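Okay, upload30.pdb is below, PDB, C-alpha atoms and all ligand atoms:
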ATOM      1  CA  MET Z   1      -9.445  23.795   5.326
ATOM      2  CA  LYS Z   2     -10.166  20.124   4.967
ATOM      3  CA  ILE Z   3     -12.500  18.370   7.365
ATOM      4  CA  CYS Z   4     -11.694  14.697   7.577
ATOM      5  CA  LYS Z   5     -11.576  11.775   9.916
ATOM      6  CA  MET Z   6      -8.023  10.912   9.080
ATOM      7  CA  ARG Z   7      -7.073   8.476  11.864
ATOM      8  CA  ILE Z   8      -6.103   5.266  10.066
ATOM      9  CA  VAL Z   9      -4.737   2.043  11.556
ATOM     10  CA  ASP Z  10      -5.231  -0.476   8.729
ATOM     11  CA  ILE Z  11      -3.035   0.689   5.817
ATOM     12  CA  HIS Z  12      -4.636  -1.460   3.132
ATOM     13  CA  THR Z  13      -8.127  -2.827   2.717
ATOM     14  CA  HIS Z  14     -10.566  -3.470  -0.114
ATOM     15  CA  ASN Z  15     -13.532  -3.250   2.222
ATOM     16  CA  SER Z  16     -15.274  -0.077   1.091
ATOM     17  CA  ASN Z  17     -17.154   0.159   4.391
ATOM     18  CA  ALA Z  18     -14.075  -0.107   6.576
ATOM     19  CA  ASP Z  19     -13.622   2.402   9.323
ATOM     20  CA  ASN Z  20     -10.077   3.319  10.348
ATOM     21  CA  ALA Z  21      -8.456   2.112   7.137
ATOM     22  CA  LEU Z  22      -6.950   3.306   3.893
ATOM     23  CA  ILE Z  23      -9.385   1.929   1.336
ATOM     24  CA  SER Z  24      -7.905   0.757  -1.950
ATOM     25  CA  VAL Z  25     -10.174   1.286  -4.951
ATOM     26  CA  ALA Z  26     -10.118   1.389  -8.732
ATOM     27  CA  PRO Z  27     -10.552   4.925 -10.153
ATOM     28  CA  GLN Z  28     -14.149   4.378 -11.248
ATOM     29  CA  LYS Z  29     -15.117   3.171  -7.755
ATOM     30  CA  LEU Z  30     -13.723   6.198  -5.932
ATOM     31  CA  PRO Z  31     -16.510   8.117  -4.140
ATOM     32  CA  LEU Z  32     -16.410  11.822  -4.954
ATOM     33  CA  HIS Z  33     -17.399  13.035  -1.527
ATOM     34  CA  SER Z  34     -16.405  10.884   1.371
ATOM     35  CA  LEU Z  35     -14.630  11.452   4.638
ATOM     36  CA  ASN Z  36     -12.909   8.100   4.213
ATOM     37  CA  SER Z  37      -9.320   7.963   2.992
ATOM     38  CA  TYR Z  38      -8.373   6.173  -0.211
ATOM     39  CA  SER Z  39      -5.589   4.876  -2.356
ATOM     40  CA  VAL Z  40      -6.401   4.610  -6.023
ATOM     41  CA  GLY Z  41      -4.829   2.412  -8.644
ATOM     42  CA  LEU Z  42      -5.194  -0.239 -11.321
ATOM     43  CA  HIS Z  43      -4.698  -3.611  -9.675
ATOM     44  CA  PRO Z  44      -2.355  -5.921 -11.645
ATOM     45  CA  TRP Z  45      -5.177  -8.468 -11.892
ATOM     46  CA  ASP Z  46      -7.276  -5.880 -13.760
ATOM     47  CA  THR Z  47      -4.690  -4.965 -16.370
ATOM     48  CA  THR Z  48      -5.822  -7.136 -19.271
ATOM     49  CA  SER Z  49      -7.861  -4.428 -20.987
ATOM     50  CA  VAL Z  50      -6.534  -1.095 -19.720
ATOM     51  CA  THR Z  51      -7.095   1.778 -22.165
ATOM     52  CA  ASP Z  52      -5.653   5.285 -22.366
ATOM     53  CA  SER Z  53      -8.889   6.618 -20.954
ATOM     54  CA  ASP Z  54      -8.489   4.324 -17.916
ATOM     55  CA  LEU Z  55      -5.076   5.889 -17.326
ATOM     56  CA  GLU Z  56      -6.606   9.365 -17.663
ATOM     57  CA  ALA Z  57      -9.337   8.392 -15.199
ATOM     58  CA  LEU Z  58      -6.660   7.189 -12.792
ATOM     59  CA  LYS Z  59      -4.827  10.499 -13.042
ATOM     60  CA  THR Z  60      -8.015  12.472 -12.398
ATOM     61  CA  ALA Z  61      -9.002  10.266  -9.456
ATOM     62  CA  ALA Z  62      -5.511  10.468  -7.960
ATOM     63  CA  LEU Z  63      -5.838  14.253  -7.733
ATOM     64  CA  GLN Z  64      -8.823  14.018  -5.418
ATOM     65  CA  ASN Z  65      -8.327  15.341  -1.881
ATOM     66  CA  ASN Z  66      -9.399  12.125  -0.199
ATOM     67  CA  VAL Z  67      -6.782  10.107  -2.127
ATOM     68  CA  TYR Z  68      -3.604   9.852  -0.080
ATOM     69  CA  ALA Z  69      -1.697   7.158  -1.970
ATOM     70  CA  ILE Z  70      -1.333   5.583  -5.409
ATOM     71  CA  GLY Z  71      -2.106   1.864  -5.710
ATOM     72  CA  GLU Z  72      -2.600  -0.859  -5.301
ATOM     73  CA  CYS Z  73      -0.509  -1.314  -8.389
ATOM     74  CA  GLY Z  74       2.454  -3.468  -9.316
ATOM     75  CA  ILE Z  75       3.400  -6.638 -11.106
ATOM     76  CA  ASP Z  76       1.903 -10.114 -10.718
ATOM     77  CA  LYS Z  77       3.543 -12.796 -12.824
ATOM     78  CA  LEU Z  78       0.734 -15.266 -12.196
ATOM     79  CA  ARG Z  79      -2.253 -13.099 -13.122
ATOM     80  CA  GLY Z  80      -3.254 -10.124 -15.256
ATOM     81  CA  ALA Z  81      -1.848  -8.798 -18.514
ATOM     82  CA  SER Z  82       1.504  -9.744 -20.040
ATOM     83  CA  LEU Z  83       4.610  -8.742 -18.130
ATOM     84  CA  GLU Z  84       5.375  -6.059 -20.700
ATOM     85  CA  ILE Z  85       1.981  -4.401 -20.260
ATOM     86  CA  GLN Z  86       2.062  -4.713 -16.452
ATOM     87  CA  LYS Z  87       5.470  -3.037 -16.376
ATOM     88  CA  LYS Z  88       4.195  -0.073 -18.409
ATOM     89  CA  ILE Z  89       1.154   0.350 -16.192
ATOM     90  CA  PHE Z  90       3.283   0.077 -13.056
ATOM     91  CA  GLU Z  91       5.647   2.758 -14.359
ATOM     92  CA  TYR Z  92       2.659   5.000 -14.989
ATOM     93  CA  HIS Z  93       1.720   4.643 -11.302
ATOM     94  CA  ILE Z  94       5.303   5.353 -10.214
ATOM     95  CA  GLN Z  95       5.349   8.543 -12.253
ATOM     96  CA  LEU Z  96       1.981   9.596 -10.886
ATOM     97  CA  SER Z  97       3.150   8.964  -7.339
ATOM     98  CA  GLU Z  98       6.175  11.180  -7.920
ATOM     99  CA  ASP Z  99       4.242  13.918  -9.756
ATOM    100  CA  LEU Z 100       1.545  14.148  -7.090
ATOM    101  CA  CYS Z 101       3.790  13.479  -4.080
ATOM    102  CA  LYS Z 102       1.632  10.591  -2.939
ATOM    103  CA  PRO Z 103       3.222   7.312  -1.786
ATOM    104  CA  LEU Z 104       2.927   4.044  -3.664
ATOM    105  CA  ILE Z 105       1.190   0.844  -2.492
ATOM    106  CA  ILE Z 106       2.532  -2.163  -4.345
ATOM    107  CA  HIS Z 107       1.236  -5.625  -5.138
ATOM    108  CA  GLN Z 108       3.986  -8.003  -6.127
ATOM    109  CA  VAL Z 109       3.922 -11.694  -6.983
ATOM    110  CA  LYS Z 110       7.201 -13.219  -8.149
ATOM    111  CA  SER Z 111       8.322  -9.776  -9.290
ATOM    112  CA  LEU Z 112      10.670  -8.532  -6.581
ATOM    113  CA  ASP Z 113      13.528  -8.219  -9.095
ATOM    114  CA  GLU Z 114      11.437  -5.842 -11.157
ATOM    115  CA  ILE Z 115      10.421  -3.821  -8.090
ATOM    116  CA  PHE Z 116      14.103  -3.432  -7.089
ATOM    117  CA  PHE Z 117      14.915  -2.491 -10.690
ATOM    118  CA  TYR Z 118      12.319   0.292 -10.787
ATOM    119  CA  ARG Z 119      13.297   1.532  -7.354
ATOM    120  CA  LYS Z 120      16.829   2.036  -8.672
ATOM    121  CA  LYS Z 121      15.682   3.455 -11.986
ATOM    122  CA  TYR Z 122      13.459   6.154 -10.451
ATOM    123  CA  SER Z 123      15.133   6.829  -7.059
ATOM    124  CA  PRO Z 124      11.682   7.970  -5.984
ATOM    125  CA  SER Z 125      11.110  10.712  -3.441
ATOM    126  CA  GLN Z 126       7.891   8.993  -2.365
ATOM    127  CA  ARG Z 127       7.796   6.008  -0.042
ATOM    128  CA  TRP Z 128       6.963   2.583  -1.482
ATOM    129  CA  LEU Z 129       5.034  -0.013   0.487
ATOM    130  CA  ILE Z 130       4.709  -3.616  -0.641
ATOM    131  CA  HIS Z 131       1.468  -4.818   0.829
ATOM    132  CA  GLY Z 132       0.758  -8.234   2.335
ATOM    133  CA  PHE Z 133       4.415  -9.145   2.833
ATOM    134  CA  ARG Z 134       4.854 -12.860   3.582
ATOM    135  CA  GLY Z 135       8.532 -13.162   2.776
ATOM    136  CA  ASN Z 136      11.370 -14.305   4.995
ATOM    137  CA  LEU Z 137      13.870 -12.350   7.064
ATOM    138  CA  LEU Z 138      16.426 -12.129   4.283
ATOM    139  CA  THR Z 139      13.985 -10.630   1.801
ATOM    140  CA  ALA Z 140      12.705  -8.250   4.463
ATOM    141  CA  LYS Z 141      16.256  -7.022   5.093
ATOM    142  CA  GLN Z 142      16.916  -6.601   1.359
ATOM    143  CA  LEU Z 143      13.760  -4.531   0.985
ATOM    144  CA  LEU Z 144      14.481  -2.330   3.977
ATOM    145  CA  ASN Z 145      18.065  -1.791   2.770
ATOM    146  CA  SER Z 146      16.659  -0.619  -0.563
ATOM    147  CA  GLY Z 147      14.321   1.800   1.164
ATOM    148  CA  ILE Z 148      11.243  -0.253   0.322
ATOM    149  CA  GLU Z 149       8.794  -0.774   3.163
ATOM    150  CA  PHE Z 150       6.056  -3.368   3.508
ATOM    151  CA  SER Z 151       2.897  -4.021   5.427
ATOM    152  CA  LEU Z 152       2.021  -7.219   7.238
ATOM    153  CA  GLY Z 153      -1.244  -9.094   6.950
ATOM    154  CA  SER Z 154      -2.543 -12.253   8.558
ATOM    155  CA  ASN Z 155       0.084 -14.519   6.944
ATOM    156  CA  PHE Z 156       3.216 -12.701   8.017
ATOM    157  CA  VAL Z 157       6.342 -14.447   9.310
ATOM    158  CA  PRO Z 158       6.561 -13.479  13.026
ATOM    159  CA  GLU Z 159      10.397 -13.290  13.060
ATOM    160  CA  ILE Z 160      10.112 -10.256  10.775
ATOM    161  CA  LEU Z 161       9.080  -8.219  13.790
ATOM    162  CA  GLN Z 162      12.533  -8.740  15.333
ATOM    163  CA  ILE Z 163      14.246  -6.688  12.627
ATOM    164  CA  MET Z 164      11.456  -4.301  11.806
ATOM    165  CA  PRO Z 165      12.171  -0.641  12.559
ATOM    166  CA  MET Z 166       9.126   0.423  14.559
ATOM    167  CA  LYS Z 167       8.705   3.512  12.392
ATOM    168  CA  SER Z 168       8.169   1.206   9.408
ATOM    169  CA  LEU Z 169       5.544  -1.017  10.977
ATOM    170  CA  PHE Z 170       2.302  -1.232   8.994
ATOM    171  CA  LEU Z 171      -0.563  -3.709   9.351
ATOM    172  CA  GLU Z 172      -3.329  -4.455   6.888
ATOM    173  CA  SER Z 173      -6.487  -6.471   6.458
ATOM    174  CA  ASP Z 174      -6.471  -6.553   2.608
ATOM    175  CA  ASP Z 175      -9.384  -8.869   1.710
ATOM    176  CA  SER Z 176      -9.808 -10.448   5.116
ATOM    177  CA  SER Z 177     -11.952  -9.314   7.994
ATOM    178  CA  CYS Z 178      -9.714 -10.333  10.875
ATOM    179  CA  PHE Z 179      -7.772  -7.133  11.454
ATOM    180  CA  SER Z 180      -8.451  -7.097  15.185
ATOM    181  CA  ALA Z 181      -6.950 -10.594  15.541
ATOM    182  CA  LEU Z 182      -3.846  -9.430  13.662
ATOM    183  CA  LEU Z 183      -3.549  -6.351  15.856
ATOM    184  CA  CYS Z 184      -3.858  -8.492  18.970
ATOM    185  CA  LYS Z 185      -1.234 -10.987  17.744
ATOM    186  CA  VAL Z 186       1.314  -8.304  16.830
ATOM    187  CA  ALA Z 187       0.732  -6.410  20.091
ATOM    188  CA  LYS Z 188       1.478  -9.598  22.032
ATOM    189  CA  ILE Z 189       4.696 -10.300  20.109
ATOM    190  CA  LEU Z 190       5.874  -6.715  20.580
ATOM    191  CA  ASN Z 191       4.841  -6.722  24.212
ATOM    192  CA  LYS Z 192       2.692  -3.632  23.735
ATOM    193  CA  SER Z 193      -0.918  -2.942  24.593
ATOM    194  CA  GLU Z 194      -3.271  -2.799  21.628
ATOM    195  CA  GLN Z 195      -3.799   0.904  22.303
ATOM    196  CA  GLU Z 196      -0.052   1.542  22.193
ATOM    197  CA  LEU Z 197       0.252  -0.397  18.966
ATOM    198  CA  GLU Z 198      -2.675   1.462  17.404
ATOM    199  CA  GLN Z 199      -1.116   4.773  18.332
ATOM    200  CA  LEU Z 200       2.192   3.724  16.761
ATOM    201  CA  LEU Z 201       0.405   2.594  13.594
ATOM    202  CA  VAL Z 202      -1.512   5.864  13.330
ATOM    203  CA  GLU Z 203       1.734   7.842  13.597
ATOM    204  CA  ASN Z 204       3.357   5.623  10.962
ATOM    205  CA  ASN Z 205       0.300   5.911   8.710
ATOM    206  CA  HIS Z 206       0.342   9.713   8.873
ATOM    207  CA  SER Z 207       4.043   9.882   8.203
ATOM    208  CA  PHE Z 208       3.705   7.490   5.247
ATOM    209  CA  LEU Z 209       0.738   9.374   3.807
ATOM    210  CA  ASN Z 210       2.462  12.755   4.094
ATOM    211  CA  VAL Z 211      -0.184  14.247   6.377
TER     212      VAL Z 211
HETATM  213 ZN    ZN A   1      -4.970  -5.622  -1.868
END
What is this structure when it is put down as structure tokens?
Ligand SMILES: [Zn+2]
Amino acid sequence: MKICKMRIVDIHTHNSNADNALISVAPQKLPLHSLNSYSVGLHPWDTTSVTDSDLEALKTAALQNNVYAIGECGIDKLRGASLEIQKKIFEYHIQLSEDLCKPLIIHQVKSLDEIFFYRKKYSPSQRWLIHGFRGNLLTAKQLLNSGIEFSLGSNFVPEILQIMPMKSLFLESDDSSCFSALLCKVAKILNKSEQELEQLLVENNHSFLNV
């Protein structure tokens, strides 16, 4: 039996001391024994010198009990390795996510076409979450229609909340430290108390993370 403090509200942070969050780390930074919950992946920005042993390390780390998701991974056309290399590394994460039945957390910059392409190519059984979504209503609808979900950070477009299925609502702090302000803002727009919103997010987190 696993003893853990699972309750999560913030689906994506890089703050390794965060409480109530899914902490995104590189494989070599993953703590062996921790009651925190993690996602593990090779960030697109860190893809310029990825070796086979890095991919092996990722696979080993992804098997750990406190790792609930694969990522952050993806494609960034403005930073990181060449597009060709980023695509290969992203596909490796997709395969890992499918093999281990752990959902995928995606970083995308100017690469939505590629994300749609891979979604079609793999028809994955695992859920995919694009983090830090700042797109417009149209893009949000296209993603949701393709079965791709997304999480909202401090720069989200408020109108998105009008079309968002509540079971697909995810909030994140990413690199910022103002999660409570985000929670407060979204609760106000949705006309919910912060406690109600937190409860909804926890349920969505657990469903997304297959726990
Ligand atoms: Zn991030």
Residue by residue, what does the PyMOL selection byres (((not hetatm)) within 10 of (chain A and resi 1)) grab here? Present the result as a PyMOL selection string.
chain Z and resi 12-15+23-25+43+71-73+105-107+130-132+172-176
Selection under test: the PyMOL selection byres (((chain Z and resi 124) around 12) and not hetatm); residues as number ranges by chain
Z: 91, 93-104, 116-123, 125-128, 146-148
Selected by the PyMOL selection byres (((chain Z and resi 26) around 12) and not hetatm) in the shown coordinates: which residues, as a PyMOL selection string?
chain Z and resi 14+16+23-25+27-31+38-47+50+54-55+57-62+67+70-73
Can you list, as a PyMOL selection string, every protein, DNA or RNA residue that comes within 8 Å of region 151-156 of chain Z when you count all atoms listed in the file, leaving out same-chain residues fewer than 2 positions away?
chain Z and resi 11+129-135+149+158+160+169-174+178-179+182
One-decimal distance in Å that lies between CA of Leu161 (chain Z) and CA of Ala181 (chain Z):
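Separating CA of Ala181 (chain Z) from CA of Leu161 (chain Z) is a distance of 16.3 Å.
Nearest residue to Cys184 (chain Z), choosing from Z:Met166, Z:Leu197, Z:Leu209, Z:Ile89 and counting all atoms listed in the file: Z:Leu197.
Interatomic distance, CA of Ile75 (chain Z) to CA of Gln108 (chain Z): 5.2 Å.
Residues surrounding Asp19 (chain Z) within 10 Å are Lys5, Arg7, Ile8, Val9, Asp10, Asn36 and Ser37 of chain Z [only C-alpha atoms; sequence separation below 6 positions excluded].
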Those residues you just picked out, can you put them in a file as an mmCIF file, keeping the file's coordinate frame with C-alpha atoms?
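See part11.cif below for the written result:
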data_model
loop_
_atom_site.group_PDB
_atom_site.id
_atom_site.type_symbol
_atom_site.label_atom_id
_atom_site.label_comp_id
_atom_site.auth_asym_id
_atom_site.auth_seq_id
_atom_site.Cartn_x
_atom_site.Cartn_y
_atom_site.Cartn_z
ATOM 1 C CA LYS Z 5 -11.576 11.775 9.916
ATOM 2 C CA ARG Z 7 -7.073 8.476 11.864
ATOM 3 C CA ILE Z 8 -6.103 5.266 10.066
ATOM 4 C CA VAL Z 9 -4.737 2.043 11.556
ATOM 5 C CA ASP Z 10 -5.231 -0.476 8.729
ATOM 6 C CA ASN Z 36 -12.909 8.100 4.213
ATOM 7 C CA SER Z 37 -9.320 7.963 2.992
#
Using Å and a single decimal, report how far CA of Thr51 (chain Z) sits from CA of Arg79 (chain Z).
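Here the two named atoms are 18.1 Å from each other.
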Give the padded box for region 175-186 of chain Z as lines of an AutoDock Vina configuration file: axis-aligned, covering all atoms listed in the file, 4 Å on each side, centre and edge lengths in Å to one decimal.
center_x = -5.3
center_y = -8.7
center_z = 10.3
size_x = 21.3
size_y = 12.6
size_z = 25.3
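If you measure from each of Z:Asn136, Z:Pro165, Z:Val211, Z:Ala18 to Ser177 (chain Z) using all atoms listed in the file, the closest one turns out to be Z:Ala18.
Proximity of Z:Asn205, Z:Gln199, Z:Gln142, Z:Asn17 to Ser168 (chain Z), computed with only C-alpha atoms, is greatest for Z:Asn205.
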Could you list, as a list in words, every residue within 9 Å of Leu137 (chain Z), counting all atoms listed in the file and ignoring same-chain residues fewer than 6 positions away?
Val157, Glu159, Ile160 and Ile163 of chain Z
For the residues in the current selection, export C-alpha atoms as a CSV table (one decimal), in the frame of the given file.
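Heads up, here's the output in selection.csv:
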chain,number,residue,atom,x,y,z
Z,157,VAL,CA,6.3,-14.4,9.3
Z,159,GLU,CA,10.4,-13.3,13.1
Z,160,ILE,CA,10.1,-10.3,10.8
Z,163,ILE,CA,14.2,-6.7,12.6
Long-range neighbours of Lys110 (chain Z) as a ChimeraX atom specification, 10 Å cut-off, all atoms listed in the file, 4 positions minimum in chain:
/Z:75-78,114-115
Please determine, counting all atoms listed in the file, which residue among Z:Leu83, Z:Ala140, Z:Leu200, Z:Met6 has the shortest atom-to-atom distance to Lys167 (chain Z).
Z:Leu200
For each of Z:Thr139, Z:Leu35, Z:Ala187, Z:Asp113, take the minimum atom-to-atom distance to Asn20 (chain Z), counting all atoms listed in the file, then give the residue where this is smallest.
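Selected residue with least distance to Asn20 (chain Z): Z:Leu35.
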